[in-house]
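Heads up, coords.cif below (mmCIF, C-alpha atoms):
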data_input
loop_
_atom_site.label_atom_id
_atom_site.label_comp_id
_atom_site.auth_asym_id
_atom_site.auth_seq_id
_atom_site.Cartn_x
_atom_site.Cartn_y
_atom_site.Cartn_z
CA MET X 6 76.60 74.95 79.50
CA SER X 7 76.93 75.76 83.21
CA ALA X 8 78.73 72.46 83.83
CA ASP X 9 81.24 73.34 81.10
CA ASN X 10 81.65 76.84 82.52
CA ILE X 11 82.23 75.70 86.07
CA SER X 12 84.71 73.11 84.85
CA THR X 13 86.59 75.83 82.94
CA LEU X 14 86.51 78.06 86.02
CA VAL X 15 87.95 75.26 88.18
CA ASN X 16 90.79 74.56 85.73
CA VAL X 17 91.65 78.23 85.30
CA THR X 18 91.63 78.82 89.07
CA ILE X 19 93.99 75.90 89.67
CA GLU X 20 96.35 77.26 86.98
CA VAL X 21 96.30 80.80 88.38
CA LEU X 22 96.77 79.67 91.98
CA GLU X 23 99.77 77.62 90.96
CA GLY X 24 101.34 80.11 88.57
CA TYR X 25 100.68 83.32 90.50
CA ALA X 26 100.31 82.46 94.19
CA PHE X 27 102.46 79.29 94.18
CA MET X 28 99.62 77.26 95.74
CA LEU X 29 98.39 73.82 94.76
CA GLY X 30 94.66 73.24 94.51
CA ASP X 31 92.65 70.17 93.63
CA SER X 32 89.06 68.97 93.54
CA PRO X 33 88.11 66.97 96.64
CA LYS X 34 88.37 63.21 96.17
CA THR X 35 85.14 61.30 95.59
CA GLY X 36 84.10 59.71 98.88
CA GLY X 37 86.66 61.79 100.78
CA THR X 38 86.05 64.24 103.60
CA PRO X 39 83.44 66.82 102.54
CA VAL X 40 84.69 70.39 102.10
CA VAL X 41 83.48 72.54 105.00
CA LEU X 42 83.53 76.31 104.52
CA ALA X 43 85.29 78.43 107.11
CA ASP X 44 83.35 80.52 109.63
CA PRO X 45 83.60 83.36 108.85
CA SER X 46 84.22 83.10 105.11
CA TRP X 47 85.03 85.80 102.58
CA VAL X 48 82.80 85.96 99.51
CA VAL X 49 84.64 87.66 96.64
CA THR X 50 82.85 88.48 93.39
CA ILE X 51 83.70 90.19 90.11
CA SER X 52 81.21 91.17 87.45
CA PHE X 53 81.77 91.76 83.76
CA ALA X 54 79.85 93.21 80.84
CA GLY X 55 80.26 93.41 77.07
CA SER X 56 80.41 90.47 74.68
CA ARG X 57 79.58 88.38 77.72
CA ALA X 58 77.93 89.54 80.95
CA GLY X 59 77.60 88.06 84.43
CA SER X 60 79.79 87.46 87.39
CA ILE X 61 81.94 84.83 89.01
CA GLY X 62 83.03 84.46 92.59
CA MET X 63 84.81 82.47 95.22
CA VAL X 64 84.26 81.74 98.88
CA VAL X 65 87.59 81.55 100.71
CA SER X 66 88.72 81.16 104.26
CA PRO X 67 90.64 84.14 105.70
CA ALA X 68 93.49 81.68 106.40
CA LEU X 69 93.75 80.76 102.72
CA ALA X 70 93.66 84.43 101.72
CA ARG X 71 96.40 85.20 104.25
CA GLN X 72 98.57 82.36 102.90
CA ALA X 73 98.06 83.52 99.30
CA ALA X 74 98.99 87.07 100.29
CA ALA X 75 102.06 85.83 102.17
CA ASN X 76 103.23 84.03 99.02
CA LEU X 77 102.61 87.10 96.86
CA TYR X 78 104.21 89.55 99.31
CA ALA X 79 107.05 87.13 100.16
CA GLY X 80 106.33 87.31 103.88
CA GLY X 81 104.87 85.07 106.57
CA PRO X 82 101.09 84.71 107.04
CA ALA X 83 101.39 86.24 110.54
CA GLU X 84 102.75 89.47 109.01
CA ILE X 85 99.78 89.84 106.63
CA SER X 86 97.00 92.28 107.55
CA ASP X 87 93.33 91.67 106.72
CA ASP X 88 93.55 94.47 104.12
CA GLN X 89 96.50 92.77 102.37
CA ALA X 90 94.79 89.35 102.49
CA GLN X 91 91.57 90.80 101.07
CA ASP X 92 93.41 92.72 98.35
CA ALA X 93 95.30 89.53 97.41
CA VAL X 94 92.16 87.42 96.91
CA LYS X 95 90.49 90.22 94.95
CA GLU X 96 93.52 90.41 92.65
CA LEU X 97 93.56 86.61 92.30
CA LEU X 98 89.89 86.61 91.29
CA ASN X 99 90.57 89.46 88.85
CA ILE X 100 93.24 87.35 87.12
CA VAL X 101 91.07 84.23 87.22
CA CYS X 102 88.25 86.20 85.58
CA GLY X 103 90.48 87.40 82.73
CA HIS X 104 91.67 83.87 82.02
CA TYR X 105 88.19 82.38 82.40
CA LEU X 106 86.53 84.79 79.98
CA HIS X 107 89.15 84.42 77.31
CA LYS X 108 89.55 80.66 77.65
CA ASP X 109 86.67 79.90 75.33
CA GLU X 110 85.98 83.29 73.79
CA ALA X 111 87.78 84.53 70.72
CA ASN X 112 90.26 87.24 71.59
CA GLU X 113 88.10 89.64 69.61
CA ALA X 114 85.61 89.67 72.49
CA VAL X 115 85.75 92.92 74.48
CA ILE X 116 84.66 92.61 78.06
CA ASP X 117 84.72 95.29 80.76
CA PHE X 118 85.53 94.17 84.28
CA ALA X 119 84.17 95.80 87.42
CA ALA X 120 86.37 96.06 90.50
CA PRO X 121 86.20 92.89 92.63
CA ALA X 122 84.04 93.15 95.76
CA LEU X 123 84.48 91.28 99.06
CA GLN X 124 82.18 90.65 102.01
CA SER X 125 82.77 88.70 105.20
CA VAL X 126 79.90 86.35 106.02
CA THR X 127 79.13 83.47 108.37
CA ARG X 128 79.43 79.91 107.07
CA GLU X 129 75.63 79.74 106.84
CA GLY X 130 75.58 83.07 105.03
CA ALA X 131 78.11 81.78 102.50
CA VAL X 132 76.07 78.63 101.93
CA ARG X 133 72.93 80.74 101.41
CA TYR X 134 74.82 83.08 99.04
CA VAL X 135 75.89 80.30 96.66
CA ASN X 136 72.68 78.27 96.98
CA GLY X 137 71.28 77.40 93.54
CA LYS X 138 74.31 78.75 91.65
CA PRO X 139 76.62 76.52 89.58
CA GLN X 140 79.47 75.81 91.97
CA ALA X 141 82.50 73.61 92.57
CA ALA X 142 84.71 73.06 95.58
CA LEU X 143 88.49 72.96 95.70
CA VAL X 144 90.93 72.15 98.44
CA VAL X 145 93.92 74.48 98.32
CA GLU X 146 96.82 73.64 100.61
CA GLY X 147 94.28 72.14 103.02
CA HIS X 148 91.93 75.14 102.91
CA PRO X 149 88.42 75.13 101.39
CA LEU X 150 87.67 77.25 98.33
CA LEU X 151 84.26 77.33 96.64
CA LEU X 152 83.90 78.71 93.12
CA PHE X 153 80.57 79.85 91.71
CA ILE X 154 79.07 81.50 88.63
CA GLU X 155 76.27 84.04 88.55
CA ASP X 156 75.77 84.52 84.80
CA MET I 26 122.97 103.57 89.24
CA GLY I 27 119.85 101.79 88.08
CA TYR I 28 116.42 102.40 86.61
CA LYS I 29 113.60 104.44 88.10
CA ILE I 30 110.34 102.61 87.50
CA LEU I 31 106.74 103.61 88.27
CA ILE I 32 104.09 100.93 88.90
CA VAL I 33 100.46 102.05 88.58
CA ASP I 34 97.74 99.68 89.80
CA ASP I 35 94.86 100.01 92.26
CA SER I 36 95.79 96.66 93.80
CA LEU I 37 98.59 96.76 96.38
CA THR I 38 99.11 93.05 95.71
CA ALA I 39 99.67 93.66 91.99
CA ARG I 40 102.08 96.55 92.66
CA THR I 41 104.02 94.51 95.22
CA PHE I 42 104.14 91.50 92.90
CA ILE I 43 105.52 93.54 89.99
CA ALA I 44 108.08 95.26 92.24
CA ARG I 45 109.19 91.94 93.65
CA THR I 46 109.35 90.36 90.20
CA LEU I 47 111.51 93.23 88.91
CA GLN I 48 113.93 92.57 91.78
CA MET I 49 113.86 88.80 91.14
CA ALA I 50 114.64 89.40 87.47
CA GLY I 51 117.93 91.01 88.47
CA ILE I 52 117.08 94.35 86.86
CA PRO I 53 119.28 97.15 88.22
CA LEU I 54 116.93 99.45 90.11
CA ASN I 55 117.48 102.88 91.55
CA GLN I 56 113.92 103.50 92.72
CA ILE I 57 110.47 101.93 92.40
CA TYR I 58 107.58 104.38 92.70
CA GLN I 59 103.96 103.27 93.13
CA ALA I 60 100.64 104.94 92.33
CA ARG I 61 97.07 103.67 92.82
CA ASN I 62 95.58 105.22 89.68
CA GLY I 63 96.39 107.37 86.66
CA ARG I 64 95.81 110.66 88.51
CA GLU I 65 98.28 109.76 91.26
CA ALA I 66 100.77 108.66 88.61
CA LEU I 67 100.53 111.96 86.70
CA ASP I 68 100.92 113.91 89.98
CA LEU I 69 104.05 111.91 90.77
CA LEU I 70 105.43 112.40 87.25
CA GLU I 71 105.22 116.17 87.72
CA ARG I 72 107.84 115.81 90.48
CA GLU I 73 109.90 112.75 89.50
CA TRP I 74 111.46 111.53 86.27
CA VAL I 75 111.13 107.78 85.64
CA ASP I 76 112.62 105.55 82.94
CA LEU I 77 109.59 103.29 82.50
CA VAL I 78 105.96 102.95 83.63
CA PHE I 79 104.05 99.71 84.21
CA ALA I 80 100.30 100.39 84.37
CA ASP I 81 97.01 98.55 84.74
CA ILE I 82 93.98 99.61 82.64
CA ASN I 83 91.00 99.26 85.00
CA MET I 84 91.55 101.67 87.88
CA PRO I 85 89.29 104.10 89.75
CA VAL I 86 89.65 107.92 89.47
CA MET I 87 91.68 107.74 86.23
CA ASN I 88 92.12 104.57 84.19
CA GLY I 89 95.22 103.49 82.28
CA THR I 90 93.96 104.58 78.86
CA GLU I 91 93.30 108.13 80.02
CA MET I 92 96.64 108.28 81.83
CA VAL I 93 98.55 107.21 78.70
CA ARG I 94 96.69 109.79 76.57
CA CYS I 95 97.62 112.53 79.09
CA MET I 96 101.25 111.40 79.08
CA ARG I 97 101.43 111.38 75.28
CA ALA I 98 99.99 114.91 75.18
CA ALA I 99 102.59 116.26 77.64
CA ASP I 100 105.95 117.27 76.14
CA LEU I 101 107.90 116.22 79.23
CA LEU I 102 106.26 112.81 79.55
CA LYS I 103 105.63 111.64 76.00
CA SER I 104 108.95 109.84 75.63
CA ILE I 105 108.54 107.66 78.75
CA PRO I 106 107.72 104.09 77.69
CA VAL I 107 104.49 102.69 79.15
CA ILE I 108 103.91 98.93 79.47
CA ILE I 109 100.38 97.77 80.21
CA VAL I 110 99.98 94.87 82.65
CA SER I 111 96.35 93.76 82.55
CA THR I 112 94.03 90.78 82.94
CA ASP I 113 92.24 91.84 79.74
CA ARG I 114 93.42 89.67 76.86
CA SER I 115 91.21 90.98 74.07
CA ALA I 116 92.89 91.88 70.79
CA ARG I 117 90.71 94.98 70.50
CA ARG I 118 91.80 96.29 73.91
CA MET I 119 95.42 95.69 72.99
CA ALA I 120 94.95 97.60 69.73
CA GLU I 121 93.18 100.42 71.57
CA MET I 122 96.06 100.75 74.04
CA LYS I 123 98.63 100.67 71.25
CA GLU I 124 96.75 103.46 69.53
CA ALA I 125 96.76 105.42 72.81
CA GLY I 126 100.56 105.16 72.77
CA VAL I 127 101.68 102.22 74.91
CA GLN I 128 104.88 100.42 73.96
CA ALA I 129 103.91 96.89 75.04
CA TYR I 130 101.08 94.91 76.60
CA LEU I 131 101.56 92.07 79.09
CA THR I 132 98.77 89.92 80.52
CA LYS I 133 98.70 88.92 84.19
CA PRO I 134 100.22 86.94 85.72
CA ILE I 135 103.63 88.08 84.51
CA THR I 136 106.92 86.28 84.97
CA PRO I 137 110.41 87.60 85.77
CA GLU I 138 111.39 86.59 82.20
CA ASP I 139 108.58 88.73 80.71
CA LEU I 140 109.71 91.73 82.72
CA LYS I 141 113.40 91.27 82.01
CA THR I 142 112.76 91.03 78.26
CA ILE I 143 110.60 94.16 78.29
CA VAL I 144 112.92 96.24 80.44
CA GLU I 145 115.94 95.29 78.32
CA ARG I 146 114.01 96.09 75.15
CA PHE I 147 113.02 99.58 76.22
CA LEU I 148 115.77 100.64 78.57
CA LYS I 149 118.97 99.49 76.92
CA SER I 150 120.00 103.04 76.22
CA ALA I 151 118.70 104.57 79.45
#
What do you get writing this file as structure tokens?
Amino acid sequence: MSADNISTLVNVTIEVLEGYAFMLGDSPKTGGTPVVLADPSWVVTISFAGSRAGSIGMVVSPALARQAAANLYAGGPAEISDDQAQDAVKELLNIVCGHYLHKDEANEAVIDFAAPALQSVTREGAVRYVNGKPQAALVVEGHPLLLFIED
Amino acid sequence: MGYKILIVDDSLTARTFIARTLQMAGIPLNQIYQARNGREALDLLEREWVDLVFADINMPVMNGTEMVRCMRAADLLKSIPVIIVSTDRSARRMAEMKEAGVQAYLTKPITPEDLKTIVERFLKSA
């Protein structure tokens, strides 16, 4: 069940990144360079309740968030503030969550979303945070992104 | 000449994306107003007339459902079309918003084509 869910989350995230933030993401190649989280990393989570309850999240590098925001704001990464970069990844996760929950659920399901939350943590803190949770790594335009599920 | 459009969303990214997409769609615009929640939107609508409102549902202070109900109860605001732009894809939520008085419901992410179709549908005579 968790393996199916994480696979759905990966596919949905790749679709949303491409369609909304114009960024290409892929799973790391088997035997390739391991994905190393940034230090610091931003842990973004969104919880939901209703027909289905739980939460999903992503660990992103500030550089990836800044690039995503630059694409969404049509500016350069250097012009993007931390607030804009953080708002952009929260909005991305919000969209990912909507697609993820309705990918397998009938559209009759009613689910309430909480506002996404973000915290900046060290690499070790990020690793501890996701430890034991179903997770999958992506490489997005050369930046690490770790997806995880808490339901 | 051009349309006056209000975008209501607690995410600056979402508001910027919609504003940019409206411009990319080649829609003639006079002014784009932004509000972070339903309360701010209603305050703005007391001072400014707009042709169309794009609004999210989940927002702090006042959500989209409550904002639409307030607009539909106000003589001066009830004729302004409201288009919901949300991540929520449930049929029940869509029905609930329609009952509250919204004209259309789009799910994020939206495209310039989606916006152009909607704006042309509701603003042809504006």
request  = Run the PyMOL selection byres ((chain X and resi 47-51) around 8) on the file and write out the hits as a PyMOL selection string.
outcome  = chain X and resi 45-46+52-53+60-67+94-95+98-99+102+118-126+131
task = Mind listing whatever residues come within 12 Å of the point (77.8, 74.1, 94.1)? Use only C-alpha atoms, file coordinates, and give them as a VMD selection string.
result = chain X and resid 7 to 8 11 to 12 15 40 62 to 64 131 to 143 150 to 155
request  = Would you work out the distance separating CA of Ile116 (chain X) from CA of Val33 (chain I), expressed in Å to one decimal?
outcome  =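 Taking CA of Ile116 (chain X) and CA of Val33 (chain I), their separation equals 21.2 Å.
Proximity of X:Glu84, X:Asp117, X:Asp44, X:Glu129 to chain I, computed with only C-alpha atoms, is greatest for X:Asp117.
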Hey, what comes out of the PyMOL selection byres ((chain X) within 12 of (chain I)) on this file? Could you write it as an mmCIF file with C-alpha atoms, in the frame of the given file?
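This is the output file expr08.cif:
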data_model
loop_
_atom_site.group_PDB
_atom_site.id
_atom_site.type_symbol
_atom_site.label_atom_id
_atom_site.label_comp_id
_atom_site.auth_asym_id
_atom_site.auth_seq_id
_atom_site.Cartn_x
_atom_site.Cartn_y
_atom_site.Cartn_z
ATOM 1 C CA GLU X 20 96.350 77.260 86.980
ATOM 2 C CA VAL X 21 96.300 80.800 88.380
ATOM 3 C CA LEU X 22 96.770 79.670 91.980
ATOM 4 C CA GLU X 23 99.770 77.620 90.960
ATOM 5 C CA GLY X 24 101.340 80.110 88.570
ATOM 6 C CA TYR X 25 100.680 83.320 90.500
ATOM 7 C CA ALA X 26 100.310 82.460 94.190
ATOM 8 C CA PHE X 27 102.460 79.290 94.180
ATOM 9 C CA PHE X 53 81.770 91.760 83.760
ATOM 10 C CA GLY X 55 80.260 93.410 77.070
ATOM 11 C CA SER X 56 80.410 90.470 74.680
ATOM 12 C CA ALA X 70 93.660 84.430 101.720
ATOM 13 C CA ARG X 71 96.400 85.200 104.250
ATOM 14 C CA ALA X 73 98.060 83.520 99.300
ATOM 15 C CA ALA X 74 98.990 87.070 100.290
ATOM 16 C CA ALA X 75 102.060 85.830 102.170
ATOM 17 C CA ASN X 76 103.230 84.030 99.020
ATOM 18 C CA LEU X 77 102.610 87.100 96.860
ATOM 19 C CA TYR X 78 104.210 89.550 99.310
ATOM 20 C CA ALA X 79 107.050 87.130 100.160
ATOM 21 C CA GLY X 80 106.330 87.310 103.880
ATOM 22 C CA ILE X 85 99.780 89.840 106.630
ATOM 23 C CA ASP X 88 93.550 94.470 104.120
ATOM 24 C CA GLN X 89 96.500 92.770 102.370
ATOM 25 C CA ALA X 90 94.790 89.350 102.490
ATOM 26 C CA GLN X 91 91.570 90.800 101.070
ATOM 27 C CA ASP X 92 93.410 92.720 98.350
ATOM 28 C CA ALA X 93 95.300 89.530 97.410
ATOM 29 C CA VAL X 94 92.160 87.420 96.910
ATOM 30 C CA LYS X 95 90.490 90.220 94.950
ATOM 31 C CA GLU X 96 93.520 90.410 92.650
ATOM 32 C CA LEU X 97 93.560 86.610 92.300
ATOM 33 C CA LEU X 98 89.890 86.610 91.290
ATOM 34 C CA ASN X 99 90.570 89.460 88.850
ATOM 35 C CA ILE X 100 93.240 87.350 87.120
ATOM 36 C CA VAL X 101 91.070 84.230 87.220
ATOM 37 C CA CYS X 102 88.250 86.200 85.580
ATOM 38 C CA GLY X 103 90.480 87.400 82.730
ATOM 39 C CA HIS X 104 91.670 83.870 82.020
ATOM 40 C CA TYR X 105 88.190 82.380 82.400
ATOM 41 C CA LEU X 106 86.530 84.790 79.980
ATOM 42 C CA HIS X 107 89.150 84.420 77.310
ATOM 43 C CA LYS X 108 89.550 80.660 77.650
ATOM 44 C CA ASP X 109 86.670 79.900 75.330
ATOM 45 C CA GLU X 110 85.980 83.290 73.790
ATOM 46 C CA ALA X 111 87.780 84.530 70.720
ATOM 47 C CA ASN X 112 90.260 87.240 71.590
ATOM 48 C CA GLU X 113 88.100 89.640 69.610
ATOM 49 C CA ALA X 114 85.610 89.670 72.490
ATOM 50 C CA VAL X 115 85.750 92.920 74.480
ATOM 51 C CA ILE X 116 84.660 92.610 78.060
ATOM 52 C CA ASP X 117 84.720 95.290 80.760
ATOM 53 C CA PHE X 118 85.530 94.170 84.280
ATOM 54 C CA ALA X 119 84.170 95.800 87.420
ATOM 55 C CA ALA X 120 86.370 96.060 90.500
ATOM 56 C CA PRO X 121 86.200 92.890 92.630
#
key: Atomic separation - CA of Arg146 (chain I) relative to CA of Asp34 (chain I), Å   =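 Taking CA of Asp34 (chain I) as the start and CA of Arg146 (chain I) as the end point, the length is 22.2 Å.
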task = Can you turn the PyMOL selection byres ((chain I and resi 69) around 12) into a concrete residue list for this file, as a ChimeraX atom specification?
result = /I:30-33,57-68,70-75,78,102
inquiry  = Please report the interatomic distance between CA of Asn88 (chain I) and CA of Tyr130 (chain I) in Å with one decimal.
reply    =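 Those two atoms sit 15.2 Å apart.
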query = I:Ala80, I:Ala129, I:Ala50, I:Val86: which is nearest Lys141 (chain I), counting all atoms listed in the file?
reply =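 So, comparing all the options, the nearest one is I:Ala50.
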Residues within 9 Å of Met26 (chain I), all atoms listed in the file, excluding chain neighbours under 4 positions, as a PyMOL selection string = chain I and resi 53-55
Work out where the centre of an axis-aligned box around every listed atom of region 54-64 of chain I lies and how long its edges are once 8 Å is added on each side; give both in Å to one decimal as JSON.
{"center_x": 106.5, "center_y": 105.1, "center_z": 89.9, "size_x": 37.9, "size_y": 27.2, "size_z": 22.5}
message = I'd like the contact shell of Gly51 (chain I) - 12 Å cut-off, only C-alpha atoms, skipping same-chain residues fewer than 2 positions apart - returned as a list in words.
response =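 Result of the neighbour search: Gly27, Tyr28, Ala44, Arg45, Thr46, Leu47, Gln48, Met49, Pro53, Leu54, Pro137, Glu138, Leu140, Lys141, Thr142, Val144 and Glu145 of chain I.
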Could you take the residues named above and write them with C-alpha atoms, as a CSV table (one decimal), keeping the file's coordinate frame?
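Contents of part03.csv, as written:
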chain,number,residue,atom,x,y,z
I,27,GLY,CA,119.8,101.8,88.1
I,28,TYR,CA,116.4,102.4,86.6
I,44,ALA,CA,108.1,95.3,92.2
I,45,ARG,CA,109.2,91.9,93.6
I,46,THR,CA,109.4,90.4,90.2
I,47,LEU,CA,111.5,93.2,88.9
I,48,GLN,CA,113.9,92.6,91.8
I,49,MET,CA,113.9,88.8,91.1
I,53,PRO,CA,119.3,97.2,88.2
I,54,LEU,CA,116.9,99.4,90.1
I,137,PRO,CA,110.4,87.6,85.8
I,138,GLU,CA,111.4,86.6,82.2
I,140,LEU,CA,109.7,91.7,82.7
I,141,LYS,CA,113.4,91.3,82.0
I,142,THR,CA,112.8,91.0,78.3
I,144,VAL,CA,112.9,96.2,80.4
I,145,GLU,CA,115.9,95.3,78.3
